[in-house]
Every structure is written in structure tokens, then in C-alpha cells.
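Heads up, query-v2.cif below (mmCIF, C-alpha atoms):
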data_target
#
loop_
_atom_site.label_atom_id
_atom_site.label_comp_id
_atom_site.auth_asym_id
_atom_site.auth_seq_id
_atom_site.Cartn_x
_atom_site.Cartn_y
_atom_site.Cartn_z
CA MET A 1 0.00 0.00 0.00
CA GLY A 2 2.77 2.37 0.95
CA SER A 3 4.83 1.47 -2.13
CA VAL A 4 1.85 2.10 -4.45
CA PHE A 5 1.46 5.52 -2.93
CA ALA A 6 5.18 6.18 -3.27
CA THR A 7 5.21 5.22 -6.96
CA LEU A 8 2.17 7.40 -7.61
CA LEU A 9 3.80 10.34 -5.88
CA ALA A 10 7.04 9.82 -7.81
CA GLN A 11 5.18 10.30 -11.10
CA VAL A 12 3.86 13.71 -10.17
CA GLU A 13 6.13 16.43 -11.49
CA GLY A 14 6.90 19.65 -9.65
CA GLU A 15 4.85 21.71 -12.10
CA ASP A 16 1.77 19.56 -11.67
CA VAL A 17 1.92 20.06 -7.94
CA VAL A 18 2.20 23.82 -8.38
CA SER A 19 -0.74 24.07 -10.76
CA ALA A 20 -2.80 21.76 -8.57
CA GLY A 21 -1.94 23.93 -5.59
CA ARG A 22 -3.00 27.04 -7.47
CA ALA A 23 -6.33 25.51 -8.42
CA ILE A 24 -6.99 24.39 -4.85
CA ALA A 25 -6.05 27.84 -3.52
CA PHE A 26 -8.45 29.54 -5.92
CA GLY A 27 -11.27 27.15 -5.07
CA LEU A 28 -10.69 27.51 -1.34
CA GLY A 29 -10.64 31.29 -1.57
CA VAL A 30 -13.92 31.51 -3.42
CA GLY A 31 -15.61 28.69 -1.50
CA LEU A 32 -14.82 29.86 1.99
CA GLY A 33 -15.70 33.42 1.05
CA ALA A 34 -19.08 32.27 -0.20
CA ALA A 35 -19.68 30.22 2.95
CA GLY A 36 -18.92 33.22 5.13
CA ALA A 37 -21.25 35.42 3.10
CA GLY A 38 -24.03 32.85 3.33
CA ILE A 39 -23.82 32.75 7.10
CA GLY A 40 -23.51 36.51 7.47
CA LEU A 41 -26.33 37.42 5.12
CA GLY A 42 -28.63 34.78 6.57
CA TYR A 43 -28.03 36.09 10.07
CA LEU A 44 -28.44 39.71 8.97
CA PHE A 45 -31.73 39.27 7.18
CA GLY A 46 -32.98 36.89 9.87
CA SER A 47 -32.43 39.48 12.56
CA MET A 48 -34.04 42.11 10.29
CA ILE A 49 -37.16 39.98 9.97
CA GLN A 50 -37.30 39.48 13.73
CA SER A 51 -36.86 43.19 14.45
CA VAL A 52 -39.59 44.19 11.98
CA ALA A 53 -41.86 41.55 13.54
CA ARG A 54 -41.32 43.09 16.97
CA GLN A 55 -41.60 46.75 15.89
CA PRO A 56 -43.05 47.23 12.41
CA GLU A 57 -42.87 51.02 12.67
CA LEU A 58 -39.05 50.94 12.62
CA ARG A 59 -38.96 49.20 9.27
CA SER A 60 -37.84 52.10 7.11
CA GLU A 61 -35.19 53.16 9.60
CA LEU A 62 -33.75 49.70 9.83
CA GLN A 63 -33.69 49.27 6.07
CA GLY A 64 -30.82 51.71 5.69
CA ILE A 65 -28.72 49.75 8.16
CA GLN A 66 -29.81 46.51 6.50
CA TRP A 67 -28.47 47.48 3.08
CA LEU A 68 -25.28 48.81 4.61
CA GLY A 69 -24.75 45.49 6.38
CA PHE A 70 -25.56 43.59 3.21
CA ALA A 71 -22.92 45.44 1.20
CA LEU A 72 -20.29 45.10 3.91
CA VAL A 73 -20.82 41.34 4.14
CA GLU A 74 -20.79 40.95 0.34
CA ALA A 75 -17.50 42.84 0.22
CA VAL A 76 -15.87 40.10 2.30
CA VAL A 77 -16.65 37.62 -0.48
CA PHE A 78 -14.58 39.72 -2.80
CA TYR A 79 -11.67 39.80 -0.40
CA GLY A 80 -11.68 36.00 -0.48
CA LEU A 81 -12.05 36.02 -4.26
CA LEU A 82 -9.20 38.49 -4.61
CA GLY A 83 -6.95 36.44 -2.36
CA GLY A 84 -7.74 33.30 -4.31
CA LEU A 85 -7.06 35.05 -7.61
CA LEU A 86 -3.76 36.38 -6.28
CA ALA A 87 -2.77 32.89 -5.20
CA TYR A 88 -3.73 31.53 -8.62
CA VAL A 89 -1.87 34.15 -10.58
CA LEU A 90 1.21 34.56 -8.43
CA ALA A 91 2.00 30.97 -7.48
CA MET B 1 -14.40 15.92 -25.68
CA ILE B 2 -11.60 17.60 -23.73
CA SER B 3 -9.93 18.76 -26.95
CA LEU B 4 -13.17 20.46 -27.99
CA LEU B 5 -12.93 22.57 -24.85
CA ALA B 6 -9.75 24.19 -26.10
CA GLN B 7 -11.36 27.21 -27.79
CA GLU B 8 -8.35 29.50 -27.68
CA ASP B 9 -9.89 32.72 -28.95
CA PHE B 10 -12.20 33.66 -26.08
CA HIS B 11 -10.57 36.29 -23.89
CA PRO B 12 -13.19 38.09 -21.80
CA GLU B 13 -10.48 39.93 -19.87
CA ASP B 14 -9.74 41.90 -23.06
CA GLU B 15 -13.02 43.72 -22.53
CA PHE B 16 -11.51 45.34 -19.48
CA SER B 17 -8.09 46.25 -20.88
CA LEU B 18 -7.52 49.95 -21.34
CA ASP B 19 -5.65 50.70 -24.58
CA THR B 20 -4.50 54.27 -24.97
CA TRP B 21 -6.40 56.02 -27.76
CA VAL B 22 -4.92 59.50 -27.44
CA ASP B 23 -1.54 59.54 -25.77
CA LEU B 24 -1.24 62.47 -23.38
CA GLY B 25 1.09 60.74 -20.93
CA VAL B 26 -0.55 60.32 -17.55
CA LEU B 27 -3.79 61.94 -18.76
CA SER B 28 -4.15 59.66 -21.78
CA ILE B 29 -7.61 59.10 -23.14
CA ASN B 30 -8.79 55.51 -23.07
CA LYS B 31 -12.09 53.66 -22.81
CA ALA B 32 -12.53 54.34 -19.09
CA VAL B 33 -11.92 58.07 -19.60
CA VAL B 34 -14.55 58.25 -22.34
CA TYR B 35 -17.07 56.39 -20.17
CA LEU B 36 -16.31 58.73 -17.27
CA TRP B 37 -17.04 61.73 -19.49
CA ILE B 38 -20.28 60.13 -20.67
CA GLY B 39 -21.26 59.37 -17.07
CA ALA B 40 -20.54 62.92 -15.96
CA ILE B 41 -22.46 64.47 -18.85
CA VAL B 42 -25.45 62.15 -18.37
CA THR B 43 -25.53 62.83 -14.62
CA ILE B 44 -25.48 66.58 -15.14
CA LEU B 45 -28.04 66.56 -17.95
CA VAL B 46 -30.47 64.25 -16.16
CA GLY B 47 -30.15 66.29 -12.99
CA ILE B 48 -30.89 69.50 -14.83
CA TRP B 49 -33.73 67.96 -16.81
CA ILE B 50 -35.46 66.50 -13.76
CA MET B 51 -35.07 69.12 -11.09
CA ARG B 52 -33.97 72.42 -12.54
CA PHE B 53 -36.97 73.84 -14.36
CA GLY B 54 -40.71 73.75 -13.99
CA LEU B 55 -40.84 72.88 -10.30
CA SER B 56 -44.29 73.41 -8.82
CA LEU B 57 -46.17 72.78 -5.60
CA ARG B 58 -48.20 70.12 -7.39
CA PRO B 59 -45.35 67.87 -8.40
CA SER B 60 -45.37 66.04 -11.68
CA ARG B 61 -44.18 62.43 -11.78
CA LYS B 62 -40.75 63.57 -12.84
CA GLN B 63 -40.48 65.95 -9.91
CA THR B 64 -41.72 63.30 -7.48
CA LEU B 65 -38.98 60.99 -8.69
CA GLY B 66 -36.36 63.66 -8.16
CA GLU B 67 -37.77 64.49 -4.73
CA SER B 68 -37.75 60.86 -3.64
CA VAL B 69 -34.11 60.51 -4.69
CA TYR B 70 -33.33 63.65 -2.70
CA GLU B 71 -35.23 62.29 0.29
CA LEU B 72 -33.32 59.02 0.10
CA VAL B 73 -29.95 60.73 0.10
CA GLN B 74 -30.94 63.36 2.68
CA GLY B 75 -32.66 60.99 5.10
CA GLN B 76 -30.79 57.75 4.84
CA ILE B 77 -27.30 58.90 4.00
CA ALA B 78 -26.78 62.42 5.27
CA GLU B 79 -29.06 62.96 8.26
CA GLY B 80 -27.86 60.28 10.64
CA ASN B 81 -24.21 60.43 9.72
CA LEU B 82 -23.11 63.98 8.96
CA PRO B 83 -23.22 66.43 11.90
CA HIS B 84 -25.28 69.58 11.41
CA LYS B 85 -22.33 71.92 11.21
CA ALA B 86 -20.92 70.04 8.24
CA ILE B 87 -24.02 68.89 6.44
CA GLY B 88 -24.19 72.01 4.28
CA ARG B 89 -20.75 71.36 2.88
CA TRP B 90 -20.74 67.59 2.59
CA PHE B 91 -24.28 66.69 1.59
CA PRO B 92 -23.67 67.83 -2.03
CA PHE B 93 -20.49 65.73 -2.15
CA VAL B 94 -22.21 62.61 -0.85
CA ALA B 95 -25.23 63.10 -3.12
CA SER B 96 -22.95 63.63 -6.13
CA LEU B 97 -21.05 60.46 -5.28
CA PHE B 98 -24.31 58.53 -5.14
CA LEU B 99 -25.67 59.89 -8.42
CA PHE B 100 -22.38 59.74 -10.33
CA ILE B 101 -21.64 56.16 -9.33
CA TRP B 102 -25.25 55.16 -10.01
CA PHE B 103 -25.16 56.61 -13.52
CA LEU B 104 -21.73 55.12 -14.27
CA ASN B 105 -23.00 51.70 -13.20
CA ILE B 106 -26.26 51.97 -15.15
CA ILE B 107 -24.57 53.15 -18.34
CA SER B 108 -22.35 50.10 -18.13
CA PHE B 109 -25.36 47.91 -18.88
CA ILE B 110 -26.22 49.69 -22.11
CA PRO B 111 -24.22 48.37 -25.10
CA LEU B 112 -22.34 51.31 -26.57
CA PRO B 113 -20.09 51.46 -29.64
CA ILE B 114 -16.99 52.49 -27.72
CA SER B 115 -14.37 49.83 -27.86
CA ASN B 116 -10.86 48.81 -28.81
CA GLU B 117 -12.05 46.53 -31.59
CA HIS B 118 -13.92 47.42 -34.75
CA PHE B 119 -16.29 45.66 -37.11
CA GLU B 120 -17.39 46.29 -40.64
CA LEU B 121 -20.81 47.72 -41.43
CA PHE B 122 -21.58 48.79 -45.01
CA GLY B 123 -17.91 49.42 -45.54
CA ALA B 124 -17.46 51.64 -42.47
CA GLU B 125 -15.40 50.67 -39.46
CA ILE B 126 -17.55 50.94 -36.38
CA PRO B 127 -16.32 50.12 -32.87
CA THR B 128 -18.01 46.99 -31.56
CA PHE B 129 -20.90 47.40 -29.20
CA SER B 130 -19.75 46.37 -25.75
CA LEU B 131 -20.71 46.61 -22.11
CA TYR B 132 -18.10 48.37 -20.03
CA ALA B 133 -18.33 49.87 -16.57
CA ALA B 134 -15.98 52.72 -15.78
CA THR B 135 -16.24 51.62 -12.14
CA SER B 136 -14.93 48.19 -13.07
CA SER B 137 -11.50 49.79 -13.29
CA LEU B 138 -9.75 49.95 -9.94
CA SER B 139 -8.25 53.33 -10.88
CA VAL B 140 -11.69 54.94 -11.04
CA THR B 141 -12.98 53.56 -7.75
CA LEU B 142 -9.68 54.23 -6.05
CA ALA B 143 -9.81 57.85 -7.19
CA LEU B 144 -13.30 58.26 -5.75
CA ALA B 145 -12.31 56.52 -2.52
CA LEU B 146 -9.21 58.71 -2.23
CA ILE B 147 -11.37 61.83 -2.36
CA THR B 148 -13.38 60.45 0.57
CA PHE B 149 -10.18 59.43 2.36
CA PHE B 150 -8.59 62.86 2.12
CA ALA B 151 -11.88 64.57 2.93
CA THR B 152 -12.17 62.46 6.10
CA HIS B 153 -8.74 63.21 7.48
CA ILE B 154 -8.57 66.84 6.42
CA GLU B 155 -11.99 67.55 7.93
CA GLY B 156 -11.09 65.65 11.09
CA ILE B 157 -7.93 67.67 11.55
CA ARG B 158 -9.69 70.91 10.65
CA TYR B 159 -12.51 70.50 13.16
CA ASN B 160 -10.65 68.82 15.98
CA GLY B 161 -6.99 69.73 15.75
CA VAL B 162 -4.15 67.39 14.84
CA GLY B 163 -3.54 65.90 18.30
CA PRO B 164 -7.14 65.30 19.43
CA TYR B 165 -8.09 63.87 16.05
CA PHE B 166 -5.39 61.22 16.01
CA LYS B 167 -6.00 60.49 19.70
CA SER B 168 -9.64 59.80 18.89
CA TRP B 169 -8.66 56.76 16.88
CA ILE B 170 -7.79 54.89 20.07
CA PRO B 171 -10.83 53.46 21.85
CA PRO B 172 -11.21 54.49 25.50
CA GLY B 173 -10.14 52.23 28.34
CA VAL B 174 -7.10 50.74 26.65
CA PRO B 175 -4.29 49.76 29.07
CA LYS B 176 -1.13 51.79 28.53
CA GLY B 177 1.00 48.82 27.65
CA LEU B 178 -1.11 47.95 24.64
CA LEU B 179 -1.07 51.48 23.20
CA PRO B 180 1.63 51.08 20.51
CA PHE B 181 0.04 47.83 19.36
CA ILE B 182 -3.45 49.35 19.19
CA SER B 183 -2.19 52.45 17.38
CA VAL B 184 -0.61 50.36 14.64
CA LEU B 185 -3.84 48.41 14.28
CA GLU B 186 -5.87 51.61 14.07
CA VAL B 187 -3.64 53.09 11.37
CA ILE B 188 -3.92 49.87 9.39
CA SER B 189 -7.69 49.87 9.80
CA GLN B 190 -7.88 53.42 8.42
CA PHE B 191 -6.07 52.28 5.29
CA MET B 192 -8.24 49.17 5.15
CA ARG B 193 -11.25 51.50 4.91
CA LEU B 194 -9.77 53.09 1.81
CA ILE B 195 -9.00 49.75 0.21
CA SER B 196 -12.33 48.17 1.10
CA LEU B 197 -14.30 51.18 -0.15
CA SER B 198 -12.65 51.07 -3.56
CA VAL B 199 -12.36 47.30 -3.92
CA ARG B 200 -16.00 46.70 -2.94
CA LEU B 201 -17.34 48.76 -5.84
CA PHE B 202 -14.63 47.60 -8.25
CA ALA B 203 -15.07 43.90 -7.52
CA ASN B 204 -18.88 44.04 -7.63
CA MET B 205 -18.93 45.72 -11.02
CA LEU B 206 -16.12 43.62 -12.47
CA ALA B 207 -17.61 40.36 -11.21
CA GLY B 208 -21.08 41.20 -12.54
CA HIS B 209 -19.86 42.02 -16.01
CA MET B 210 -17.38 39.15 -16.11
CA LEU B 211 -20.11 36.72 -15.09
CA ILE B 212 -22.34 37.83 -17.96
CA LEU B 213 -19.46 37.65 -20.44
CA VAL B 214 -18.32 34.22 -19.28
CA MET B 215 -21.85 32.80 -19.19
CA LEU B 216 -22.43 33.80 -22.79
CA GLY B 217 -18.86 32.87 -23.67
CA LEU B 218 -19.56 29.31 -22.61
CA ILE B 219 -21.51 28.99 -25.83
CA ILE B 220 -18.36 29.91 -27.74
CA ILE B 221 -15.95 27.88 -25.65
CA LEU B 222 -17.95 24.70 -25.74
CA GLU B 223 -18.75 25.37 -29.40
CA SER B 224 -22.32 24.14 -29.14
CA VAL B 225 -25.59 26.06 -29.43
CA ALA B 226 -27.31 23.67 -27.01
CA VAL B 227 -25.44 25.31 -24.14
CA ALA B 228 -27.42 28.46 -24.91
CA ILE B 229 -30.54 26.90 -23.40
CA ILE B 230 -28.96 27.24 -19.96
CA ALA B 231 -26.42 29.98 -20.55
CA VAL B 232 -28.71 32.69 -21.95
CA PRO B 233 -31.37 32.60 -19.20
CA VAL B 234 -28.68 32.56 -16.52
CA ALA B 235 -26.91 35.50 -18.16
CA VAL B 236 -30.21 37.39 -18.49
CA GLY B 237 -30.97 36.62 -14.84
CA VAL B 238 -27.59 37.97 -13.75
CA TYR B 239 -28.12 41.06 -15.94
CA ILE B 240 -31.51 41.83 -14.39
CA PHE B 241 -30.18 41.17 -10.89
CA GLU B 242 -27.29 43.53 -11.48
CA VAL B 243 -29.32 46.35 -13.01
CA ALA B 244 -32.19 46.18 -10.55
CA ILE B 245 -30.36 45.58 -7.30
CA VAL B 246 -26.57 45.64 -7.31
CA VAL B 247 -26.17 48.99 -9.09
CA THR B 248 -28.31 50.92 -6.63
CA ILE B 249 -26.99 49.14 -3.54
CA GLN B 250 -23.35 49.69 -4.46
CA ALA B 251 -23.86 53.39 -5.19
CA PHE B 252 -25.87 53.78 -1.97
CA VAL B 253 -23.30 51.99 0.16
CA PHE B 254 -20.36 53.95 -1.27
CA ALA B 255 -22.11 57.24 -0.52
CA LEU B 256 -23.32 56.02 2.89
CA LEU B 257 -19.86 54.88 3.99
CA SER B 258 -18.34 58.14 2.77
CA ALA B 259 -20.86 60.04 4.88
CA ILE B 260 -20.16 57.81 7.90
CA TYR B 261 -16.40 58.24 7.60
CA ILE B 262 -16.57 62.01 7.14
CA GLY B 263 -19.14 62.42 9.91
CA GLY B 264 -17.17 60.15 12.21
CA ALA B 265 -14.02 62.17 11.61
CA ILE B 266 -15.68 65.51 12.24
CA GLU B 267 -17.36 64.38 15.46
CA PRO B 268 -15.61 61.32 16.83
CA GLU B 269 -17.86 59.52 19.29
CA HIS B 270 -15.02 59.04 21.73
#

Turn the structure described in the file into C-alpha cells.
Amino acid sequence: MGSVFATLLAQVEGEDVVSAGRAIAFGLGVGLGAAGAGIGLGYLFGSMIQSVARQPELRSELQGIQWLGFALVEAVVFYGLLGGLLAYVLA
Amino acid sequence: MISLLAQEDFHPEDEFSLDTWVDLGVLSINKAVVYLWIGAIVTILVGIWIMRFGLSLRPSRKQTLGESVYELVQGQIAEGNLPHKAIGRWFPFVASLFLFIWFLNIISFIPLPISNEHFELFGAEIPTFSLYAATSSLSVTLALALITFFATHIEGIRYNGVGPYFKSWIPPGVPKGLLPFISVLEVISQFMRLISLSVRLFANMLAGHMLILVMLGLIIILESVAVAIIAVPVAVGVYIFEVAIVVTIQAFVFALLSAIYIGGAIEPEH
């Protein structure tokens, strides 16, 4: 079992490892960024729904804060995307 | 099958490359510059057309639209964030940021014949119709964010004095030993504001346009019309999503954050 693994590893060239690493880095960057955004946006809009259910008259006031929070959370996705792209391009 | 995927000629990133058309050194004219001019002219003309003439106490639909935009910027963006002593000076700036960025983003979804490539029509060379957002260039968004950045710090120093302003960056109740560490973090966070403000708008616009281009480009890459059954509705969906929601939210958030930063610098809470 160990020798099979060793022969497989011996066939992988240095360049393959680098390009595989780049692809994994890109995927991780985008994927984790999207996961974070999913959690953040779900929590944000969930708490917005709860607040409006408790006090409907505050709806228009809270909407400004809601869209601000939405954009700030979405921006974090792009940080992850940017990092992944940098890893892909620079590796 | 894999060899069929090797369509070499599809380069969507070329849509975003800025070739110099008129070489004036640093102030060269390229696609982004032309789109910025168009955005500025459209913003000014639409503003004049909607709100400059024929205002009456019984508003027409046009005037109601203009008034609701004004109410949005005044209420949501300026009122809560800019202190009263500065609102006269900075409300026009924030409102202009909102409108300018909104118009730049909207114009980017109208195909215009302004491009690096040309095609033949009845023997004349016409630039290809293409979608391009001036705000999808980091230079443009960075320039706008830099104006906000300098406005923040200059106003903070002007209203509070150099010492008190920089002291206000440090939250209260910090033990003395941690001060150098916290100060470095605060300076970095101020620069992070600048970067995040510009990159947020840049990445949103770039990603939206790139997604549309790549979705439709899948038809070319995979060299099969059957892909269009999925690709075209998805691309249309992304287009509608962008135009209806993302454009307004990104312009709103850029202006809102500018107002928060300037207001926070003029009257630091601590």
C-alpha cells in the first residue's frame, strides 16, 4: 500500500503540484468566502425579519442599516475572491 | 471531448483592458476616460432635466422621482451620519457620489459602440458594441475613494486639531502597555477603509460584467448552441439582478460609507 502511494507520488512532477496547488487555492478562496457570506447574510436578514416583527414602525429606519450590512458582508466575499485570484496568478 | 474545450480565442479579460487612444502621458484618453465623461455628462443633464426647471407645488411624476431621490440621500445617507455643522458642505459631495456612481454603473449595462475593436458595417469601421463599466476599473474607484479618504482626514484635523483627532482613533479604556500595538492596528484599519471602499465597488462591477461575459462565452468555448438553453437565461438573470439591485446598492453603500467616515471624523464619538 505504501509502495503504491510512493510510486504514484514519484510520477507527479513539480509543475503539476504547483498548478494543482493554485487551483486548490483559488477554489478555497472563493468557497470559503461564499460560505462566510451565506452565514452573514442569513443572520443579517434573519435578525431584520425578527426586528420588523417586533416593531413594524421601525422598518424604514432599519432598512438603511440593513443594506449597509448587506454590502459590507458581500465585500468580504470579494476579499476572499481576490486572495484566491492572487494565489492563482502569483504561485 | 476535452480537446473540444480548447477554444483559444475567447478572452473576456480583453473587454476590461484599457488601450491608450490618445496619448497624453498620464492623462491619456482611453475607454474608461470616455465612459467617465459620458457618465458625468449624463448625470449633469439628467439632474438638470429632472429638477432644474418647472418645479411646482403640485409635483409632476418627474419631480416626485427627483424628490424621492433627494429624500433618500438626505434621510438615509446624510441625516444620521453627517453632523449639522458640516451637512451644508458635505451633503452635495455625498449626493454627487451617489448619483455619479449610479449613472456610471447603469450606463455600463447599455451596449455602446466604444471599444478597442472594430467591425465592418456597409464598408465603415464601427467600434463593436460592448458593455463596459468605468467603475470596473480599480483606478476609477480608487480615485473616488481617495477623495473620501482625504476629505475624512482633512476635515477631522480641521474641526478637531491634529492631536485630538489622532487620539480619537484609540478606543477608551485601553491599558497603557497595549497602546503602541493598538495604534498600529488603528492606522492599518484606516487604510483598510480606503481599500475596502474602492475594492468593494470595483469587484462588484467587475464580477457582474465578467459573469455575464463568461456565461455567454460558454456557448463559444464549448462550441455548441445547445449550451445556450442554460447559458442565456442565466446571463439574463444575472443582468436583471445587477441592473435592478446591485447597481443601486453599491452606489448607496459607497455614498453612505463616505458620509459615515466624514461624519465620524468631524465628530468622533469618543

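Summary of the local environment: counting only C-alpha atoms, residues at most 10 Å from A:Arg59, other than itself and those fewer than 6 positions away along its chain, are Met48, Ile49, Ser51, Val52, Ala53 and Gln66 of chain A.
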
> Residues at most 10 Å from A:Ile65, counting all atoms listed in the file, excluding those fewer than 6 positions away in the same chain, as a ChimeraX atom specification?
Replying inline: /A:48 /B:76,253,256

> How would you write, as a PyMOL selection string, the residues chosen by the PyMOL selection byres ((chain B) within 12 of (chain A)) on this structure?
Replying inline: chain B and resi 72-73+75-81+192-193+195-208+245-258+260

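Taking atom CA of A:Ser19 and atom CA of A:Gly83 as the two end points, the separation is 16.2 Å.
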
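As for atom CA of B:Val22 and atom CA of B:Phe122, they are spaced 26.5 Å apart.
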
>> Quick check, in Å to one decimal: how far apart do atom CA of B:Glu71 and atom CA of B:Gly263 lie?
In response: 18.7 Å

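Selection check: the PyMOL selection byres ((chain B and resi 163-179) around 10) on the shown file gives B:His153, B:Glu155, B:Gly156, B:Ile157, B:Arg158, B:Tyr159, B:Asn160, B:Gly161, B:Val162, B:Pro180, B:Phe181, B:Ile182, B:Ser183, B:Val184, B:Leu185, B:Glu186, B:Val187, B:Ser189, B:Gln190, B:Ala265, B:Ile266, B:Glu267, B:Pro268, B:Glu269, B:His270.
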
> Counting only C-alpha atoms, what is within 12 Å of B:Glu13, bar same-chain residues fewer than 6 positions away, as a PyMOL selection string?
Replying inline: chain B and resi 132+136-137+206-207+209-211+213-214+217

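When only C-alpha atoms are used to measure the gap to A:Ala37, the shortest distance among A:Ala6, A:Val73, A:Leu58, A:Val17 belongs to A:Val73.
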